[in-house]
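So this one's coords.tsv, TSV, C-alpha atoms:
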chain	number	residue	atom	x	y	z
I	1	MET	CA	257.35	70.00	119.23
I	2	HIS	CA	258.16	73.43	117.97
I	3	ILE	CA	256.06	76.40	117.01
I	4	MET	CA	254.62	75.70	113.57
I	5	GLU	CA	255.50	77.64	110.44
I	6	GLY	CA	253.57	80.92	110.19
I	7	PHE	CA	252.02	80.57	113.63
I	8	LEU	CA	253.77	83.55	115.19
I	9	PRO	CA	252.71	87.04	114.08
I	10	PRO	CA	255.49	88.74	112.08
I	11	ALA	CA	256.42	91.15	114.88
I	12	HIS	CA	256.92	88.27	117.33
I	13	ALA	CA	258.81	86.21	114.77
I	14	LEU	CA	261.18	89.11	114.14
I	15	GLY	CA	261.60	89.86	117.82
I	16	TRP	CA	262.60	86.30	118.70
I	17	ALA	CA	264.95	86.14	115.73
I	18	ALA	CA	266.61	89.37	116.89
I	19	ALA	CA	267.00	87.87	120.37
I	20	SER	CA	268.49	84.62	119.07
I	21	LEU	CA	270.88	85.97	116.46
I	22	PRO	CA	273.50	87.46	118.83
I	23	CYS	CA	273.46	84.25	120.87
I	24	LEU	CA	274.04	82.23	117.71
I	25	ALA	CA	277.02	84.41	116.75
I	26	TRP	CA	278.42	84.16	120.27
I	27	GLY	CA	277.90	80.38	120.28
I	28	LEU	CA	279.72	79.94	116.98
I	29	ARG	CA	282.67	81.99	118.22
I	30	SER	CA	282.87	80.15	121.51
I	31	MET	CA	282.62	76.77	119.79
I	32	GLY	CA	285.32	77.69	117.27
I	33	ARG	CA	287.69	78.89	119.95
I	34	SER	CA	287.11	75.80	122.09
I	35	LEU	CA	287.84	73.46	119.19
I	36	GLN	CA	290.91	75.40	118.14
I	37	ALA	CA	292.36	75.19	121.62
I	38	HIS	CA	291.33	71.56	122.17
I	39	PRO	CA	291.04	69.67	118.88
I	40	GLU	CA	290.67	66.42	120.83
I	41	ARG	CA	287.20	67.58	121.85
I	42	ARG	CA	285.89	67.24	118.30
I	43	MET	CA	284.81	63.65	118.86
I	44	LEU	CA	282.80	64.41	121.98
I	45	LEU	CA	281.25	67.50	120.40
I	46	GLY	CA	280.21	65.29	117.50
I	47	VAL	CA	278.62	62.87	119.93
I	48	ALA	CA	276.78	65.70	121.68
I	49	ALA	CA	275.47	67.02	118.36
I	50	ALA	CA	274.49	63.51	117.25
I	51	PHE	CA	272.65	63.03	120.54
I	52	ALA	CA	270.58	66.17	119.86
I	53	PHE	CA	269.93	65.00	116.29
I	54	LEU	CA	268.83	61.55	117.41
I	55	LEU	CA	266.65	62.62	120.32
I	56	SER	CA	264.84	65.40	118.54
I	57	ALA	CA	263.80	62.95	115.82
I	58	LEU	CA	262.07	60.62	118.28
I	59	LYS	CA	258.46	61.56	118.86
I	60	LEU	CA	257.42	59.72	121.98
I	61	PRO	CA	253.93	59.10	123.32
I	62	SER	CA	253.08	60.78	126.59
I	63	VAL	CA	250.49	60.55	129.36
I	64	THR	CA	248.47	63.42	127.89
I	65	GLY	CA	247.62	61.36	124.80
I	66	SER	CA	249.89	63.50	122.63
I	67	CYS	CA	253.35	62.94	121.28
I	68	SER	CA	256.37	65.14	121.71
I	69	HIS	CA	260.11	64.73	121.40
I	70	PRO	CA	263.07	65.33	123.70
I	71	THR	CA	265.62	67.95	122.70
I	72	GLY	CA	268.96	66.31	123.55
I	73	VAL	CA	270.77	69.63	123.97
I	74	GLY	CA	271.37	69.24	127.71
I	75	LEU	CA	274.25	66.79	127.22
I	76	GLY	CA	276.31	69.18	125.10
I	77	ALA	CA	275.56	72.09	127.43
I	78	LEU	CA	277.06	70.14	130.33
I	79	LEU	CA	280.15	69.17	128.35
I	80	PHE	CA	280.95	72.30	126.38
I	81	GLY	CA	278.94	75.03	128.05
I	82	PRO	CA	275.58	76.33	126.91
I	83	ALA	CA	276.90	78.67	124.18
I	84	ALA	CA	278.29	75.76	122.15
I	85	MET	CA	274.83	74.22	121.90
I	86	VAL	CA	273.25	77.26	120.25
I	87	PRO	CA	274.70	76.45	116.79
I	88	VAL	CA	273.98	72.74	117.26
I	89	GLY	CA	270.34	73.38	118.15
I	90	PHE	CA	270.12	75.82	115.25
I	91	VAL	CA	271.27	73.17	112.76
I	92	VAL	CA	268.79	70.61	114.10
I	93	LEU	CA	265.92	73.12	113.92
I	94	LEU	CA	266.93	74.26	110.44
I	95	PHE	CA	267.03	70.65	109.20
I	96	GLN	CA	263.55	70.01	110.58
I	97	ALA	CA	262.14	73.30	109.30
I	98	LEU	CA	263.50	72.85	105.77
I	99	LEU	CA	262.99	69.13	105.20
I	100	LEU	CA	260.32	68.01	107.63
I	101	ALA	CA	257.91	70.96	107.79
I	102	HIS	CA	258.38	70.61	111.54
I	103	GLY	CA	258.79	73.99	113.16
I	104	GLY	CA	259.43	76.61	110.51
I	105	LEU	CA	261.61	79.32	109.04
I	106	THR	CA	259.48	82.18	110.34
I	107	THR	CA	259.39	80.61	113.80
I	108	LEU	CA	263.04	79.56	113.70
I	109	GLY	CA	264.12	82.47	115.91
I	110	ALA	CA	261.56	81.61	118.59
I	111	ASN	CA	262.35	77.91	118.42
I	112	VAL	CA	266.09	78.52	118.60
I	113	PHE	CA	265.44	80.70	121.63
I	114	SER	CA	263.53	77.97	123.47
I	115	MET	CA	265.45	74.86	122.42
I	116	ALA	CA	268.97	76.11	121.72
I	117	ILE	CA	269.26	78.96	124.22
I	118	VAL	CA	266.90	78.55	127.20
I	119	GLY	CA	267.22	74.75	127.32
I	120	PRO	CA	271.05	74.58	127.37
I	121	PHE	CA	271.39	77.54	129.75
I	122	VAL	CA	268.90	76.05	132.22
I	123	SER	CA	270.67	72.68	131.99
I	124	TYR	CA	274.00	74.34	132.64
I	125	GLY	CA	272.67	76.41	135.55
I	126	VAL	CA	270.94	73.45	137.17
I	127	PHE	CA	274.10	71.37	136.83
I	128	ARG	CA	276.25	74.05	138.45
I	129	ALA	CA	273.76	74.47	141.28
I	130	ALA	CA	273.39	70.74	141.88
I	131	ALA	CA	277.17	70.25	141.77
I	132	ALA	CA	277.63	73.10	144.24
I	133	LEU	CA	275.24	71.29	146.59
I	134	GLY	CA	277.57	68.31	146.44
I	135	LEU	CA	275.11	65.95	144.76
I	136	LYS	CA	276.42	62.89	142.94
I	137	ARG	CA	277.35	63.34	139.32
I	138	SER	CA	274.53	61.24	137.90
I	139	VAL	CA	271.96	63.13	139.98
I	140	CYS	CA	273.36	66.46	138.75
I	141	VAL	CA	273.29	65.26	135.12
I	142	PHE	CA	269.78	63.88	135.43
I	143	LEU	CA	268.35	67.05	136.96
I	144	ALA	CA	270.15	69.25	134.44
I	145	ALA	CA	269.00	67.37	131.32
I	146	CYS	CA	265.47	66.80	132.61
I	147	LEU	CA	264.81	70.38	133.74
I	148	GLY	CA	266.50	71.86	130.65
I	149	ASP	CA	264.15	69.84	128.46
I	150	LEU	CA	261.11	70.99	130.45
I	151	ALA	CA	262.29	74.60	130.37
I	152	THR	CA	262.34	74.50	126.58
I	153	TYR	CA	258.67	73.64	126.43
I	154	VAL	CA	257.69	76.06	129.18
I	155	THR	CA	259.38	78.71	127.04
I	156	THR	CA	257.49	77.58	123.95
I	157	SER	CA	254.25	77.88	125.92
I	158	ALA	CA	255.17	81.38	127.08
I	159	GLN	CA	256.09	82.43	123.53
I	160	LEU	CA	252.71	81.28	122.23
I	161	ALA	CA	250.88	82.87	125.17
I	162	LEU	CA	252.62	86.19	124.44
I	163	ALA	CA	251.53	86.02	120.83
I	164	PHE	CA	248.03	84.78	121.60
I	165	PRO	CA	246.85	86.17	124.95
I	166	ASP	CA	243.42	84.96	125.99
I	167	ALA	CA	240.60	87.46	125.38
I	168	VAL	CA	239.48	87.16	129.01
I	169	GLY	CA	242.37	85.81	131.06
I	170	GLY	CA	245.18	87.46	129.11
I	171	PHE	CA	248.71	86.04	129.06
I	172	GLU	CA	248.23	83.95	132.17
I	173	ALA	CA	245.19	81.98	131.01
I	174	SER	CA	246.80	81.46	127.62
I	175	PHE	CA	250.07	80.33	129.17
I	176	LEU	CA	248.31	77.76	131.36
I	177	LYS	CA	246.52	76.43	128.30
I	178	PHE	CA	249.67	76.05	126.19
I	179	ALA	CA	251.68	74.73	129.13
I	180	GLY	CA	248.93	72.14	129.64
I	181	ILE	CA	249.63	70.99	126.10
I	182	PHE	CA	253.40	71.32	125.78
I	183	ALA	CA	254.91	71.20	129.27
I	184	LEU	CA	252.61	68.52	130.68
I	185	THR	CA	253.16	66.26	127.68
I	186	GLN	CA	256.87	66.79	128.15
I	187	VAL	CA	257.12	65.56	131.77
I	188	PRO	CA	257.69	61.82	131.17
I	189	ILE	CA	259.73	62.59	128.05
I	190	ALA	CA	261.97	64.93	130.02
I	191	ILE	CA	262.53	62.19	132.61
I	192	SER	CA	263.52	59.81	129.81
I	193	GLU	CA	265.91	62.39	128.41
I	194	GLY	CA	267.43	62.85	131.86
I	195	LEU	CA	268.04	59.11	132.22
I	196	LEU	CA	269.46	58.76	128.70
I	197	THR	CA	271.83	61.66	129.30
I	198	VAL	CA	273.07	59.99	132.49
I	199	LEU	CA	273.73	56.79	130.52
I	200	VAL	CA	275.75	58.66	127.88
I	201	VAL	CA	277.72	60.65	130.45
I	202	ASN	CA	278.51	57.43	132.32
I	203	ALA	CA	279.80	55.90	129.10
I	204	MET	CA	281.91	59.00	128.43
I	205	ALA	CA	283.30	58.86	131.96
I	206	ARG	CA	284.38	55.31	131.28
I	207	PHE	CA	285.77	55.69	127.76
I	208	ASN	CA	286.81	59.32	127.56
I	209	ALA	CA	287.80	59.98	131.16
I	210	HIS	CA	290.82	61.97	130.06
I	211	GLU	CA	288.94	64.36	127.76
I	212	LEU	CA	286.08	64.62	130.22
I	213	ARG	CA	288.32	65.67	133.06
I	214	ALA	CA	289.72	68.48	130.93
I	215	LEU	CA	286.26	69.92	130.32
I	216	PRO	CA	285.70	72.89	132.57
I	217	VAL	CA	282.10	72.02	133.36
I	218	MET	CA	282.65	68.43	134.40
I	219	ALA	CA	285.66	69.42	136.48
I	220	LEU	CA	283.25	71.33	138.71
I	221	ARG	CA	281.34	68.28	139.79
I	222	GLY	CA	280.89	67.78	143.49
I	223	ARG	CA	281.76	64.22	144.32
I	224	GLU	CA	283.49	61.56	142.27
I	225	GLY	CA	281.69	58.43	141.27
I	226	ALA	CA	278.74	57.61	139.11
Y	1	MET	CA	276.60	49.92	138.45
Y	2	LYS	CA	275.65	47.36	135.83
Y	3	LEU	CA	272.34	46.82	137.58
Y	4	ARG	CA	271.66	50.55	137.69
Y	5	THR	CA	272.36	50.87	133.99
Y	6	TRP	CA	269.82	48.16	133.27
Y	7	GLY	CA	267.35	49.81	135.63
Y	8	MET	CA	267.65	53.10	133.75
Y	9	TRP	CA	267.06	51.43	130.38
Y	10	ILE	CA	264.00	49.66	131.74
Y	11	ALA	CA	262.66	52.93	133.19
Y	12	ILE	CA	263.09	54.67	129.82
Y	13	VAL	CA	261.24	51.88	128.01
Y	14	LEU	CA	258.42	51.87	130.57
Y	15	LEU	CA	258.09	55.66	130.44
Y	16	THR	CA	257.69	55.40	126.69
Y	17	VAL	CA	255.46	52.35	126.48
Y	18	LEU	CA	253.11	52.75	129.46
Y	19	PRO	CA	251.41	55.92	128.13
Y	20	LEU	CA	250.20	53.84	125.17
Y	21	TRP	CA	247.79	52.11	127.55
Y	22	PHE	CA	247.22	54.62	130.30
Y	23	ALA	CA	246.97	57.93	128.49
Y	24	ALA	CA	243.55	59.52	128.34
Y	25	ALA	CA	242.33	60.93	125.06
Y	26	PRO	CA	243.35	64.58	124.72
Y	27	PRO	CA	240.47	66.99	125.38
Y	28	ALA	CA	238.88	68.68	122.38
Y	29	GLU	CA	238.99	72.45	121.95
Y	30	PRO	CA	235.54	74.08	121.83
Y	31	GLY	CA	234.43	74.25	118.25
Y	32	ALA	CA	237.12	71.91	116.98
Y	33	GLU	CA	237.27	68.22	116.30
Y	34	ALA	CA	238.79	66.06	119.00
Y	35	PRO	CA	242.52	65.80	118.36
Y	36	SER	CA	243.76	62.43	117.21
Y	37	MET	CA	245.12	60.10	119.86
Y	38	PHE	CA	248.92	60.48	120.07
Y	39	GLY	CA	249.01	63.23	117.51
Y	40	GLY	CA	251.74	65.81	117.88
Y	41	ALA	CA	251.50	68.30	120.72
Y	42	ASP	CA	251.93	71.01	118.07
Y	43	GLU	CA	248.71	69.87	116.43
Y	44	ARG	CA	246.88	70.52	119.70
Y	45	ALA	CA	248.63	73.86	120.11
Y	46	GLN	CA	247.40	74.78	116.66
Y	47	GLN	CA	243.83	74.04	117.73
Y	48	ALA	CA	244.33	76.01	120.93
Y	49	ILE	CA	245.45	79.01	118.88
Y	50	GLY	CA	242.35	78.56	116.77
Y	51	SER	CA	240.11	78.74	119.83
Y	52	ILE	CA	241.92	81.73	121.39
Y	53	SER	CA	242.05	83.82	118.25
Y	54	PRO	CA	239.76	82.32	115.62
Y	55	THR	CA	240.65	84.96	113.06
Y	56	TYR	CA	244.39	84.17	113.02
Y	57	ARG	CA	245.65	82.71	109.79
Y	58	PRO	CA	249.23	81.44	109.39
Y	59	TRP	CA	250.99	83.94	107.16
Y	60	PHE	CA	253.71	81.64	105.87
Y	61	ALA	CA	253.61	78.08	104.59
Y	62	PRO	CA	256.48	75.60	104.88
Y	63	VAL	CA	258.79	75.93	101.86
Y	64	PHE	CA	258.92	72.18	101.53
Y	65	ALA	CA	256.51	69.75	103.11
Y	66	PRO	CA	257.05	65.98	102.93
Y	67	ALA	CA	254.67	64.62	100.31
Y	68	SER	CA	253.07	62.18	102.75
Y	69	GLY	CA	253.29	60.78	106.25
Y	70	GLU	CA	255.48	58.01	104.87
Y	71	ILE	CA	257.99	60.47	103.42
Y	72	ALA	CA	257.96	62.42	106.68
Y	73	SER	CA	258.74	59.28	108.67
Y	74	LEU	CA	261.51	58.47	106.19
Y	75	LEU	CA	263.13	61.83	106.86
Y	76	PHE	CA	262.69	61.54	110.62
Y	77	ALA	CA	264.22	58.07	110.49
Y	78	LEU	CA	267.11	59.49	108.47
Y	79	GLN	CA	267.68	62.17	111.08
Y	80	ALA	CA	267.69	59.57	113.87
Y	81	ALA	CA	269.95	57.27	111.85
Y	82	ILE	CA	272.55	59.99	111.34
Y	83	GLY	CA	272.58	60.69	115.08
Y	84	ALA	CA	272.65	57.03	116.08
Y	85	GLY	CA	275.36	56.30	113.51
Y	86	VAL	CA	277.72	58.88	114.94
Y	87	ILE	CA	277.06	57.69	118.51
Y	88	GLY	CA	277.59	54.07	117.44
Y	89	TYR	CA	280.88	54.98	115.76
Y	90	TRP	CA	282.09	56.71	118.93
Y	91	LEU	CA	281.07	53.75	121.13
Y	92	GLY	CA	282.79	51.29	118.79
Y	93	VAL	CA	286.00	53.33	118.69
Y	94	SER	CA	285.91	53.73	122.47
Y	95	VAL	CA	285.42	50.05	123.26
Y	96	THR	CA	288.17	49.02	120.82
Y	97	ARG	CA	290.55	51.65	122.17
Y	98	GLU	CA	289.94	50.54	125.75
Y	99	ARG	CA	290.59	46.92	124.80
Y	100	ALA	CA	293.78	47.84	122.92
Y	101	ARG	CA	294.97	49.88	125.87
Y	102	LYS	CA	294.35	47.01	128.24
Y	103	THR	CA	296.21	44.52	126.00
Y	104	ALA	CA	299.17	46.89	125.65
Y	105	HIS	CA	299.19	47.33	129.40
Y	106	ASP	CA	299.16	43.56	130.01
Y	107	VAL	CA	301.95	42.97	127.49
Y	108	SER	CA	304.23	45.63	128.94
Y	109	ALA	CA	303.51	44.39	132.48
Y	110	SER	CA	304.51	40.80	131.62
Y	111	ALA	CA	307.58	42.05	129.77
Y	112	ARG	CA	308.79	43.87	132.82
Y	113	ASP	CA	308.10	40.99	135.16
Y	114	PRO	CA	310.64	38.16	134.50
Y	115	ARG	CA	308.57	35.63	136.49
Y	116	ALA	CA	305.60	36.03	134.23
Y	117	ASP	CA	306.02	33.79	131.25
Hey, can you dump this file as structure tokens for me?
Amino acid sequence: MHIMEGFLPPAHALGWAAASLPCLAWGLRSMGRSLQAHPERRMLLGVAAAFAFLLSALKLPSVTGSCSHPTGVGLGALLFGPAAMVPVGFVVLLFQALLLAHGGLTTLGANVFSMAIVGPFVSYGVFRAAAALGLKRSVCVFLAACLGDLATYVTTSAQLALAFPDAVGGFEASFLKFAGIFALTQVPIAISEGLLTVLVVNAMARFNAHELRALPVMALRGREGA
Amino acid sequence: MKLRTWGMWIAIVLLTVLPLWFAAAPPAEPGAEAPSMFGGADERAQQAIGSISPTYRPWFAPVFAPASGEIASLLFALQAAIGAGVIGYWLGVSVTRERARKTAHDVSASARDPRAD
């Protein structure tokens, strides 16, 4: 669930767009270079992008009585690094903003920042940390995808709280309010996304073991075995 | 391994289905109608913005909005179908490739071994 069209004041909309744009350029460059050096990765990158497309179309019911959708960008961040997921997330958000009136063009910068930048980078960081601790691969993948998903919606809450601070409680009160809506709703959905990502990574480990081993991120994993 | 895979699928289904029974109705914002049950979280955020700064008006409207809920669900289904299609293609290719590899391996193994007929 992204920030709706027109619901960020122009200054905020511009600011988030300015923050996202360099990341998008960097992501495109890094993705292009990776594919040029390793054309055999195209298939898995396609799967990662398709995963984000599929998951962000599924609005799931949650314990708070609201619906929200997973982001699906954690998988690609683990496989290709977080930068590669910036353009993928951008395309998904653009599709939804243009055709579905979900999210928006004026809020695209802010939504790219939360879903295509913060989410993948948190996933990647969590995976590295969990792998460094020597946790099993599926535990690392689960934590990375789940926490990356949650981080996206915590970011969305913070973005809205910055734009709409509470008259009395300021940013903090506002943040708690938006987090109560977005982040809390997201908890069971983030767990589902974590589990689904583990299932896909397990399938990749079985069918694409060769390509997977060549990926720098997965080579870092602590212990073998699913 | 197989059992764990099944367990994960069941957990995902339960996580999705159980809220349908056990979720409480979302609380209403002061001065706004109660949000619809299982509406989008962005709908509730919109109401929260309305209660924090009642004078705020969105300054930009979506360039294209699906004509109805039906059309919107069509487009969401299309998005999911594209994603699922690509994943299905990859799984199909992978399973076939693994099978072909195994057959080739068996054939070459029996060719090398004169006792195997």
(request) Report the distance between atom CA of I:Val47 and atom CA of I:Pro22 in Å, rounded to one decimal place. (result) 25.1 Å
(message) Counting only C-alpha atoms, a student should be able to say which residues of chain Y come within 6 Å of chain I; what is the right answer, written as a list in words?
(response) Ile12, Pro19, Ala23, Ala24, Ala25, Pro26, Met37, Phe38, Gly39, Gly40, Ala41, Asp42, Ile52, Pro58, Trp59, Phe60, Pro62, Ala65, Phe76, Ala80, Gly83, Ile87 and Ser94 of chain Y
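Of note, atom CA of Y:Val95 and atom CA of I:His210 are spaced 14.7 Å apart.
You will find atom CA of I:Thr155 at 26.2 Å from atom CA of I:Leu133.
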Quick one: axis-aligned box around all listed atoms of stretch 7-15 of chain Y, 4 Å on every side, centre and edge lengths in Å to one decimal, written as JSON.
{"center_x": 262.9, "center_y": 52.7, "center_z": 131.8, "size_x": 17.6, "size_y": 14.0, "size_z": 15.6}
